[in-house]
>>> print(open('model34.tsv').read())   # TSV, C-alpha atoms
chain	number	residue	atom	x	y	z
A	296	MET	CA	-2.76	12.12	14.48
A	297	ALA	CA	-5.35	14.85	14.32
A	298	TYR	CA	-7.33	15.37	11.13
A	299	SER	CA	-8.20	18.89	10.05
A	300	ASP	CA	-11.86	19.99	10.16
A	301	LYS	CA	-12.02	19.91	6.37
A	302	VAL	CA	-10.79	16.32	6.25
A	303	ILE	CA	-13.32	15.30	8.86
A	304	ASP	CA	-16.10	17.09	6.98
A	305	HIS	CA	-15.29	15.28	3.71
A	306	TYR	CA	-14.79	12.00	5.53
A	307	GLU	CA	-18.11	12.17	7.34
A	308	ASN	CA	-20.04	13.65	4.41
A	309	PRO	CA	-18.19	12.48	1.32
A	310	ARG	CA	-19.40	14.21	-1.85
A	311	ASN	CA	-20.17	12.28	-5.03
A	312	VAL	CA	-19.52	8.75	-3.86
A	313	GLY	CA	-20.41	6.08	-6.37
A	314	SER	CA	-19.90	4.92	-9.92
A	315	PHE	CA	-21.01	5.65	-13.46
A	316	ALA	CA	-21.43	2.86	-15.99
A	317	LYS	CA	-17.94	1.94	-17.16
A	318	ASP	CA	-18.99	1.36	-20.77
A	319	ASP	CA	-20.67	4.78	-21.12
A	320	PRO	CA	-18.55	6.48	-23.84
A	321	THR	CA	-18.80	9.86	-22.07
A	322	VAL	CA	-17.33	8.40	-18.86
A	323	ALA	CA	-13.61	8.35	-18.17
A	324	THR	CA	-12.24	6.19	-15.38
A	325	GLY	CA	-9.01	6.75	-13.49
A	326	LEU	CA	-7.81	3.96	-11.26
A	327	VAL	CA	-4.77	4.50	-9.05
A	328	GLY	CA	-3.22	2.98	-5.95
A	329	ALA	CA	-0.64	4.03	-3.38
A	330	PRO	CA	1.73	1.17	-2.56
A	331	ALA	CA	2.94	2.97	0.57
A	332	CYS	CA	-0.39	2.40	2.31
A	333	GLY	CA	-2.34	0.08	0.00
A	334	ASP	CA	-5.03	2.67	-0.72
A	335	VAL	CA	-7.03	2.31	-3.91
A	336	MET	CA	-8.88	5.19	-5.59
A	337	LYS	CA	-11.31	5.22	-8.50
A	338	LEU	CA	-12.30	8.55	-10.05
A	339	GLN	CA	-14.86	8.76	-12.82
A	340	LEU	CA	-15.56	11.85	-14.91
A	341	LYS	CA	-18.59	12.44	-17.10
A	342	ILE	CA	-17.34	14.55	-19.97
A	343	SER	CA	-19.44	16.60	-22.43
A	344	ASP	CA	-18.86	16.76	-26.20
A	345	THR	CA	-17.10	20.07	-25.69
A	346	GLY	CA	-14.66	18.56	-23.20
A	347	ILE	CA	-16.21	19.95	-20.03
A	348	ILE	CA	-16.44	17.76	-16.92
A	349	GLU	CA	-20.16	17.69	-16.14
A	350	ASP	CA	-20.11	15.30	-13.23
A	351	ALA	CA	-17.67	13.27	-11.15
A	352	LYS	CA	-17.88	10.30	-8.83
A	353	PHE	CA	-15.35	8.49	-6.71
A	354	LYS	CA	-14.85	5.34	-4.74
A	355	THR	CA	-11.86	5.13	-2.44
A	356	TYR	CA	-10.64	2.43	-0.10
A	357	GLY	CA	-8.18	4.04	2.24
A	358	CYS	CA	-7.64	6.37	5.16
A	359	GLY	CA	-9.59	9.53	5.97
A	360	SER	CA	-7.15	11.74	4.09
A	361	ALA	CA	-7.43	9.63	0.93
A	362	ILE	CA	-11.22	9.76	1.08
A	363	ALA	CA	-11.22	13.50	1.75
A	364	SER	CA	-8.76	14.13	-1.11
A	365	SER	CA	-10.89	12.23	-3.60
A	366	SER	CA	-14.13	13.78	-2.33
A	367	LEU	CA	-12.61	17.25	-2.68
A	368	ILE	CA	-11.41	16.74	-6.26
A	369	THR	CA	-14.86	15.57	-7.41
A	370	GLU	CA	-16.12	19.00	-6.30
A	371	TRP	CA	-13.22	20.84	-7.85
A	372	VAL	CA	-13.27	19.23	-11.30
A	373	LYS	CA	-16.99	19.78	-11.96
A	374	GLY	CA	-17.49	22.46	-14.61
A	375	LYS	CA	-13.81	22.48	-15.52
A	376	SER	CA	-12.30	21.70	-18.91
A	377	LEU	CA	-9.91	18.75	-19.09
A	378	GLU	CA	-6.96	21.14	-19.30
A	379	GLU	CA	-8.08	22.99	-16.19
A	380	ALA	CA	-8.64	19.73	-14.31
A	381	ALA	CA	-5.23	18.44	-15.37
A	382	ALA	CA	-3.68	21.56	-13.85
A	383	ILE	CA	-4.87	20.68	-10.32
A	384	LYS	CA	-1.78	19.99	-8.25
A	385	ASN	CA	-1.43	17.77	-5.24
A	386	THR	CA	-0.14	20.80	-3.34
A	387	ASP	CA	-3.51	22.55	-3.93
A	388	ILE	CA	-5.28	19.55	-2.41
A	389	SER	CA	-2.97	19.14	0.56
A	390	ALA	CA	-3.12	22.89	1.29
A	391	GLU	CA	-6.92	22.97	1.15
A	392	LEU	CA	-7.20	19.95	3.48
A	393	ALA	CA	-4.22	20.93	5.66
A	394	LEU	CA	-2.73	17.45	5.24
A	395	PRO	CA	0.28	16.61	7.44
A	396	PRO	CA	3.49	15.52	5.65
A	397	VAL	CA	2.83	11.80	6.22
A	398	LYS	CA	-0.46	12.13	4.30
A	399	ILE	CA	0.87	14.02	1.30
A	400	HIS	CA	0.78	10.80	-0.72
A	401	CYS	CA	-3.04	10.89	-0.46
A	402	SER	CA	-3.11	14.19	-2.35
A	403	ILE	CA	-0.61	12.81	-4.89
A	404	LEU	CA	-2.94	9.87	-5.37
A	405	ALA	CA	-5.87	12.22	-6.03
A	406	GLU	CA	-3.88	14.28	-8.54
A	407	ASP	CA	-2.80	11.11	-10.31
A	408	ALA	CA	-6.40	9.87	-10.37
A	409	ILE	CA	-7.42	12.96	-12.38
A	410	LYS	CA	-4.51	12.38	-14.77
A	411	ALA	CA	-5.37	8.69	-15.13
A	412	ALA	CA	-9.02	9.53	-15.89
A	413	ILE	CA	-8.02	12.10	-18.51
A	414	ASP	CA	-5.63	9.59	-20.11
A	415	ASP	CA	-8.45	7.06	-20.18
A	416	TYR	CA	-10.72	9.60	-21.91
A	417	LYS	CA	-8.06	10.38	-24.51
A	418	SER	CA	-7.44	6.71	-25.23
A	419	LYS	CA	-11.21	6.17	-25.60
A	420	LYS	CA	-11.42	9.08	-28.07
A	421	ALA	CA	-8.38	8.01	-30.05
B	230	MET	CA	27.93	-4.77	7.59
B	231	ASN	CA	24.48	-5.32	6.11
B	232	TYR	CA	21.73	-7.37	7.76
B	233	PHE	CA	22.47	-10.48	5.71
B	234	GLU	CA	26.16	-10.33	6.59
B	235	LEU	CA	25.28	-9.80	10.23
B	236	PHE	CA	23.41	-13.10	10.13
B	237	GLY	CA	26.13	-14.83	8.10
B	238	LEU	CA	23.86	-15.13	5.06
B	239	ALA	CA	24.24	-14.44	1.36
B	240	PRO	CA	21.99	-11.58	0.20
B	241	ASP	CA	19.26	-13.84	-1.08
B	242	TYR	CA	15.47	-13.66	-1.00
B	243	THR	CA	15.16	-17.30	0.01
B	244	VAL	CA	15.76	-17.50	3.73
B	245	ASP	CA	15.33	-20.42	6.09
B	246	THR	CA	13.35	-18.68	8.83
B	247	GLN	CA	14.01	-21.45	11.33
B	248	SER	CA	17.77	-21.21	11.15
B	249	LEU	CA	17.34	-17.43	11.03
B	250	ALA	CA	15.66	-17.59	14.43
B	251	VAL	CA	18.44	-19.81	15.78
B	252	THR	CA	21.12	-17.36	14.64
B	253	TYR	CA	19.06	-14.53	16.11
B	254	ARG	CA	19.01	-16.13	19.56
B	255	GLU	CA	22.75	-16.82	19.41
B	256	LEU	CA	23.54	-13.24	18.42
B	257	GLN	CA	21.18	-11.92	21.07
B	258	LYS	CA	22.95	-13.92	23.74
B	259	GLN	CA	26.32	-12.76	22.52
B	260	PHE	CA	25.40	-9.09	22.79
B	261	HIS	CA	22.94	-9.20	25.69
B	262	PRO	CA	23.30	-6.09	27.93
B	263	ASP	CA	23.66	-8.35	31.00
B	264	ARG	CA	26.96	-9.61	29.64
B	265	PHE	CA	28.27	-6.06	29.53
B	266	ALA	CA	27.02	-4.97	32.96
B	267	THR	CA	30.57	-4.65	34.30
B	268	ALA	CA	32.15	-3.43	31.06
B	269	GLY	CA	33.20	0.16	30.46
B	270	GLU	CA	30.64	2.65	29.26
B	271	GLY	CA	31.97	2.74	25.71
B	272	GLU	CA	31.85	-1.01	25.35
B	273	ARG	CA	28.36	-1.12	26.89
B	274	LEU	CA	27.10	1.41	24.39
B	275	VAL	CA	28.55	-0.51	21.43
B	276	ALA	CA	26.94	-3.73	22.68
B	277	LEU	CA	23.61	-1.95	23.06
B	278	GLN	CA	23.78	-0.60	19.53
B	279	LYS	CA	24.69	-4.03	18.24
B	280	ALA	CA	21.75	-5.60	20.09
B	281	SER	CA	19.33	-3.15	18.56
B	282	GLU	CA	20.85	-3.68	15.11
B	283	ILE	CA	20.44	-7.45	15.52
B	284	ASN	CA	16.83	-6.91	16.42
B	285	ASP	CA	16.18	-4.67	13.39
B	286	ALA	CA	17.96	-7.14	11.14
B	287	PHE	CA	15.87	-10.04	12.41
B	288	GLN	CA	12.57	-8.16	11.99
B	289	THR	CA	13.60	-7.20	8.46
B	290	LEU	CA	14.90	-10.57	7.33
B	291	LYS	CA	12.07	-12.69	8.67
B	292	SER	CA	9.31	-10.73	6.90
B	293	PRO	CA	9.09	-11.63	3.19
B	294	LEU	CA	7.99	-8.14	2.26
B	295	ARG	CA	10.57	-6.25	4.32
B	296	ARG	CA	13.28	-8.67	3.22
B	297	ALA	CA	12.45	-7.94	-0.43
B	298	GLU	CA	12.38	-4.21	0.26
B	299	TYR	CA	15.74	-4.48	1.96
B	300	LEU	CA	17.27	-6.44	-0.92
B	301	LEU	CA	16.02	-3.77	-3.31
B	302	SER	CA	17.48	-1.02	-1.14
B	303	LEU	CA	20.84	-2.82	-1.29
B	304	ALA	CA	20.44	-2.66	-5.06
B	305	GLY	CA	19.77	1.07	-4.84
B	306	ILE	CA	15.97	1.04	-5.11
B	307	GLU	CA	14.32	2.74	-2.13
B	308	LEU	CA	10.67	1.71	-1.80
B	309	LYS	CA	10.01	2.58	1.81
B	310	ALA	CA	9.48	6.30	1.53
B	311	GLU	CA	8.33	6.38	-2.06
B	312	GLN	CA	5.21	8.32	-2.94
B	313	GLN	CA	4.83	6.86	-6.37
B	314	THR	CA	1.40	5.87	-7.60
B	315	LEU	CA	0.64	2.52	-9.13
B	316	ARG	CA	-1.33	2.73	-12.39
B	317	ASP	CA	-2.02	-0.83	-13.40
B	318	PRO	CA	-5.75	-0.83	-14.24
B	319	SER	CA	-6.37	-4.59	-14.25
B	320	PHE	CA	-4.49	-5.14	-10.99
B	321	LEU	CA	-6.24	-2.20	-9.33
B	322	MET	CA	-9.65	-3.24	-10.65
B	323	GLN	CA	-9.12	-6.59	-8.97
B	324	GLN	CA	-8.09	-4.83	-5.76
B	325	MET	CA	-11.24	-2.69	-5.93
B	326	GLU	CA	-13.41	-5.78	-6.43
B	327	TRP	CA	-11.78	-7.57	-3.51
B	328	ARG	CA	-12.38	-4.59	-1.26
B	329	GLU	CA	-16.01	-4.55	-2.33
B	330	GLN	CA	-16.19	-8.26	-1.65
B	331	LEU	CA	-14.80	-7.65	1.82
B	332	GLU	CA	-17.62	-5.17	2.48
B	333	ASP	CA	-20.16	-7.75	1.34
B	334	ILE	CA	-18.69	-10.42	3.60
B	335	ALA	CA	-19.36	-8.24	6.64
B	336	GLN	CA	-23.09	-8.38	5.77
B	337	SER	CA	-23.12	-12.04	4.79
B	338	ASN	CA	-25.18	-14.64	6.63
B	339	GLN	CA	-22.45	-17.25	6.21
B	340	VAL	CA	-19.57	-15.08	7.30
B	341	GLU	CA	-17.20	-17.84	8.38
B	342	ALA	CA	-17.38	-19.75	5.12
B	343	ASP	CA	-17.02	-16.54	3.12
B	344	ILE	CA	-13.99	-15.45	5.10
B	345	ALA	CA	-12.32	-18.83	4.66
B	346	GLU	CA	-12.94	-18.75	0.92
B	347	PHE	CA	-11.70	-15.20	0.58
B	348	GLU	CA	-8.61	-16.00	2.60
B	349	GLN	CA	-7.84	-18.81	0.19
B	350	THR	CA	-8.23	-16.53	-2.83
B	351	LEU	CA	-5.91	-13.92	-1.34
B	352	LYS	CA	-3.36	-16.52	-0.34
B	353	GLN	CA	-3.18	-17.94	-3.85
B	354	SER	CA	-2.69	-14.56	-5.44
B	355	GLN	CA	-0.14	-13.58	-2.83
B	356	GLN	CA	1.83	-16.78	-3.33
B	357	GLN	CA	1.86	-16.25	-7.07
B	358	LEU	CA	3.24	-12.74	-6.63
B	359	GLN	CA	5.82	-14.03	-4.19
B	360	THR	CA	6.98	-16.72	-6.62
B	361	GLU	CA	7.34	-14.09	-9.32
B	362	LEU	CA	9.25	-11.85	-6.93
B	363	GLU	CA	11.61	-14.67	-6.02
B	364	ALA	CA	12.41	-15.30	-9.68
B	365	GLN	CA	12.83	-11.59	-10.42
B	366	LEU	CA	15.21	-11.11	-7.50
B	367	SER	CA	17.30	-14.15	-8.39
B	368	GLN	CA	17.58	-12.80	-11.95
B	369	GLN	CA	18.47	-9.38	-10.51
B	370	ALA	CA	15.51	-7.92	-12.41
B	371	TYR	CA	15.16	-5.28	-9.72
B	372	GLU	CA	12.73	-2.94	-11.49
B	373	SER	CA	10.18	-5.67	-12.06
B	374	ALA	CA	10.84	-6.99	-8.55
B	375	ALA	CA	9.97	-3.51	-7.25
B	376	VAL	CA	6.63	-3.67	-9.08
B	377	SER	CA	5.92	-7.05	-7.46
B	378	VAL	CA	6.75	-5.65	-4.01
B	379	ARG	CA	4.40	-2.71	-4.59
B	380	LYS	CA	1.64	-5.13	-5.56
B	381	LEU	CA	2.34	-7.34	-2.57
B	382	LYS	CA	1.83	-4.33	-0.31
B	383	PHE	CA	-1.75	-4.09	-1.55
B	384	MET	CA	-2.19	-7.80	-0.90
B	385	PHE	CA	-0.91	-7.51	2.67
B	386	LYS	CA	-3.16	-4.52	3.27
B	387	LEU	CA	-6.14	-6.61	2.15
B	388	GLN	CA	-5.10	-9.44	4.39
B	389	ASP	CA	-4.82	-7.04	7.34
B	390	GLU	CA	-8.31	-5.81	6.65
B	391	LEU	CA	-9.66	-9.32	6.42
B	392	GLU	CA	-8.08	-10.11	9.77
B	393	ARG	CA	-9.55	-6.95	11.26
B	394	LEU	CA	-12.98	-7.98	9.99
B	395	GLU	CA	-12.54	-11.42	11.52
B	396	GLU	CA	-11.63	-9.91	14.87
B	397	SER	CA	-14.54	-7.48	14.83
B	398	LEU	CA	-16.95	-10.35	14.18
B	399	LEU	CA	-15.61	-12.32	17.10
B	400	GLU	CA	-16.27	-9.53	19.54
>>> encode(input="model34.tsv", output="structure tokens")
Amino acid sequence: MAYSDKVIDHYENPRNVGSFAKDDPTVATGLVGAPACGDVMKLQLKISDTGIIEDAKFKTYGCGSAIASSSLITEWVKGKSLEEAAAIKNTDISAELALPPVKIHCSILAEDAIKAAIDDYKSKKA
Amino acid sequence: MNYFELFGLAPDYTVDTQSLAVTYRELQKQFHPDRFATAGEGERLVALQKASEINDAFQTLKSPLRRAEYLLSLAGIELKAEQQTLRDPSFLMQQMEWREQLEDIAQSNQVEADIAEFEQTLKQSQQQLQTELEAQLSQQAYESAAVSVRKLKFMFKLQDELERLEESLLE
């Protein structure tokens, strides 16, 4: 299967790989996995007092499309409010990366990682 | 006729793989294309289809994971093509840590011992999940069985990666 140029670019030069300290109160962590392929994705968001995502990091164990999807969303969510980030759809991700149908679940995983991180932030605030 | 019926078995997760293999060879013989070489075209085609069904059934029933998936599909739960995401933080955190550990093993100066130890850890966890799955299936708790199958998929993926690492180190 051929990867698109954008997938290859993110795969070879992944943006924002790494971790923030888990116990930092401004950090939200979203942890998701795709049973279909066994991929695991961790997305962390650093969120300001006003609810703006200041920084994002990811760590993904999976195929090129999963890595590219998570790398892409770390770029996309920066500077966004939580509401704006929550509105990112897997179809936006798969369109941007030109993912083939068999790799759509990678973009779903990335969308769900954002949602999981936001849920984590809300439960920390509550 | 479902795969279990084809092999004369009750639809049960516990399968004796040895007798499964015996039945497989018997069925194979019975529907071997050579036996239908002089038969009419229609009959030949039916035998061929049957042979391929027997093969699919055997591959499905002998693998614990595929057997569980198949049992769930008989119960109306389709896991094969699902795109659902698993959101179980403690399970996934463990998966993350194991994948990190696998990366460390590749750099280790006592690779063989580390691999053996890691293999043992994975095996234990996998067996525990499988025991849970067995109980869930026998109680027809299909939704929780589906969760166990999803988790087992991550375990098998890890095992595959460990095996790949082992092979790459041998080269």
>>> interface_residues(input="model34.tsv", of="chain B", to="chain A", cutoff="7 Å", atoms="only C-alpha atoms", output="list in words")
Glu311, Gln312, Gln313, Thr314, Leu315, Arg316, Pro318, Leu321, Met325, Arg379, Lys380, Lys382, Phe383 and Lys386 of chain B
>>> write_last_selection(input="model34.tsv", atoms="C-alpha atoms", output="PDB file, in the frame of the given file")
ATOM      1  CA  GLU B 311       8.330   6.380  -2.060  1.00  0.00           C
ATOM      2  CA  GLN B 312       5.210   8.320  -2.940  1.00  0.00           C
ATOM      3  CA  GLN B 313       4.830   6.860  -6.370  1.00  0.00           C
ATOM      4  CA  THR B 314       1.400   5.870  -7.600  1.00  0.00           C
ATOM      5  CA  LEU B 315       0.640   2.520  -9.130  1.00  0.00           C
ATOM      6  CA  ARG B 316      -1.330   2.730 -12.390  1.00  0.00           C
ATOM      7  CA  PRO B 318      -5.750  -0.830 -14.240  1.00  0.00           C
ATOM      8  CA  LEU B 321      -6.240  -2.200  -9.330  1.00  0.00           C
ATOM      9  CA  MET B 325     -11.240  -2.690  -5.930  1.00  0.00           C
ATOM     10  CA  ARG B 379       4.400  -2.710  -4.590  1.00  0.00           C
ATOM     11  CA  LYS B 380       1.640  -5.130  -5.560  1.00  0.00           C
ATOM     12  CA  LYS B 382       1.830  -4.330  -0.310  1.00  0.00           C
ATOM     13  CA  PHE B 383      -1.750  -4.090  -1.550  1.00  0.00           C
ATOM     14  CA  LYS B 386      -3.160  -4.520   3.270  1.00  0.00           C
TER      15      LYS B 386
END
>>> atom_distance(input="model34.tsv", atom1="atom CA of Glu255 of chain B", atom2="atom CA of Leu274 of chain B")
19.4 Å
>>> atom_distance(input="model34.tsv", atom1="atom CA of Ile409 of chain A", atom2="atom CA of Val372 of chain A")
8.6 Å
>>> atom_distance(input="model34.tsv", atom1="atom CA of Ile342 of chain A", atom2="atom CA of Thr321 of chain A")
5.3 Å
>>> residues_around(input="model34.tsv", residues="segment 329-333 of chain B", least_positions_apart="2", cutoff="9 Å", atoms="only C-alpha atoms", output="number ranges by chain")
B: 324-327, 335-337, 344, 347, 387, 390-391, 394
>>> closest_residue(input="model34.tsv", among="B:Arg295, B:Phe265, B:Gln353, B:Asp343", to="Val378 of chain B", atoms="all atoms listed in the file")
B:Arg295
>>> decode(input="model34.tsv", residues="segment 287-299 of chain B", atoms="N, CA, C and O atoms", output="mmCIF file, in the first residue's frame")
data_model
loop_
_atom_site.group_PDB
_atom_site.id
_atom_site.type_symbol
_atom_site.label_atom_id
_atom_site.label_comp_id
_atom_site.auth_asym_id
_atom_site.auth_seq_id
_atom_site.Cartn_x
_atom_site.Cartn_y
_atom_site.Cartn_z
ATOM 1 N N PHE B 287 -11.226 -24.564 9.813
ATOM 2 C CA PHE B 287 -10.110 -25.047 10.627
ATOM 3 C C PHE B 287 -9.248 -23.889 11.110
ATOM 4 O O PHE B 287 -8.887 -23.804 12.290
ATOM 5 N N GLN B 288 -8.910 -22.971 10.190
ATOM 6 C CA GLN B 288 -8.085 -21.812 10.562
ATOM 7 C C GLN B 288 -8.775 -20.979 11.643
ATOM 8 O O GLN B 288 -8.119 -20.446 12.534
ATOM 9 N N THR B 289 -10.095 -20.885 11.536
ATOM 10 C CA THR B 289 -10.840 -20.078 12.509
ATOM 11 C C THR B 289 -10.920 -20.768 13.867
ATOM 12 O O THR B 289 -10.680 -20.147 14.900
ATOM 13 N N LEU B 290 -11.223 -22.070 13.846
ATOM 14 C CA LEU B 290 -11.460 -22.774 15.105
ATOM 15 C C LEU B 290 -10.185 -23.053 15.882
ATOM 16 O O LEU B 290 -10.195 -23.135 17.101
ATOM 17 N N LYS B 291 -9.063 -23.177 15.173
ATOM 18 C CA LYS B 291 -7.849 -23.537 15.923
ATOM 19 C C LYS B 291 -7.209 -22.321 16.599
ATOM 20 O O LYS B 291 -6.462 -22.472 17.560
ATOM 21 N N SER B 292 -7.492 -21.123 16.116
ATOM 22 C CA SER B 292 -6.913 -19.933 16.743
ATOM 23 C C SER B 292 -7.839 -19.429 17.853
ATOM 24 O O SER B 292 -9.014 -19.164 17.615
ATOM 25 N N PRO B 293 -7.311 -19.309 19.082
ATOM 26 C CA PRO B 293 -8.161 -18.901 20.209
ATOM 27 C C PRO B 293 -8.859 -17.561 19.953
ATOM 28 O O PRO B 293 -10.028 -17.399 20.291
ATOM 29 N N LEU B 294 -8.121 -16.644 19.342
ATOM 30 C CA LEU B 294 -8.684 -15.320 19.109
ATOM 31 C C LEU B 294 -9.775 -15.349 18.042
ATOM 32 O O LEU B 294 -10.862 -14.814 18.225
ATOM 33 N N ARG B 295 -9.474 -16.022 16.916
ATOM 34 C CA ARG B 295 -10.463 -16.074 15.833
ATOM 35 C C ARG B 295 -11.673 -16.905 16.227
ATOM 36 O O ARG B 295 -12.788 -16.631 15.802
ATOM 37 N N ARG B 296 -11.423 -17.927 17.049
ATOM 38 C CA ARG B 296 -12.533 -18.761 17.529
ATOM 39 C C ARG B 296 -13.479 -17.912 18.387
ATOM 40 O O ARG B 296 -14.697 -17.984 18.240
ATOM 41 N N ALA B 297 -12.890 -17.097 19.270
ATOM 42 C CA ALA B 297 -13.710 -16.227 20.121
ATOM 43 C C ALA B 297 -14.473 -15.212 19.267
ATOM 44 O O ALA B 297 -15.662 -14.980 19.480
ATOM 45 N N GLU B 298 -13.785 -14.643 18.288
ATOM 46 C CA GLU B 298 -14.434 -13.683 17.391
ATOM 47 C C GLU B 298 -15.603 -14.325 16.658
ATOM 48 O O GLU B 298 -16.657 -13.723 16.480
ATOM 49 N N TYR B 299 -15.375 -15.565 16.243
ATOM 50 C CA TYR B 299 -16.403 -16.288 15.501
ATOM 51 C C TYR B 299 -17.606 -16.584 16.392
ATOM 52 O O TYR B 299 -18.746 -16.394 15.987
#
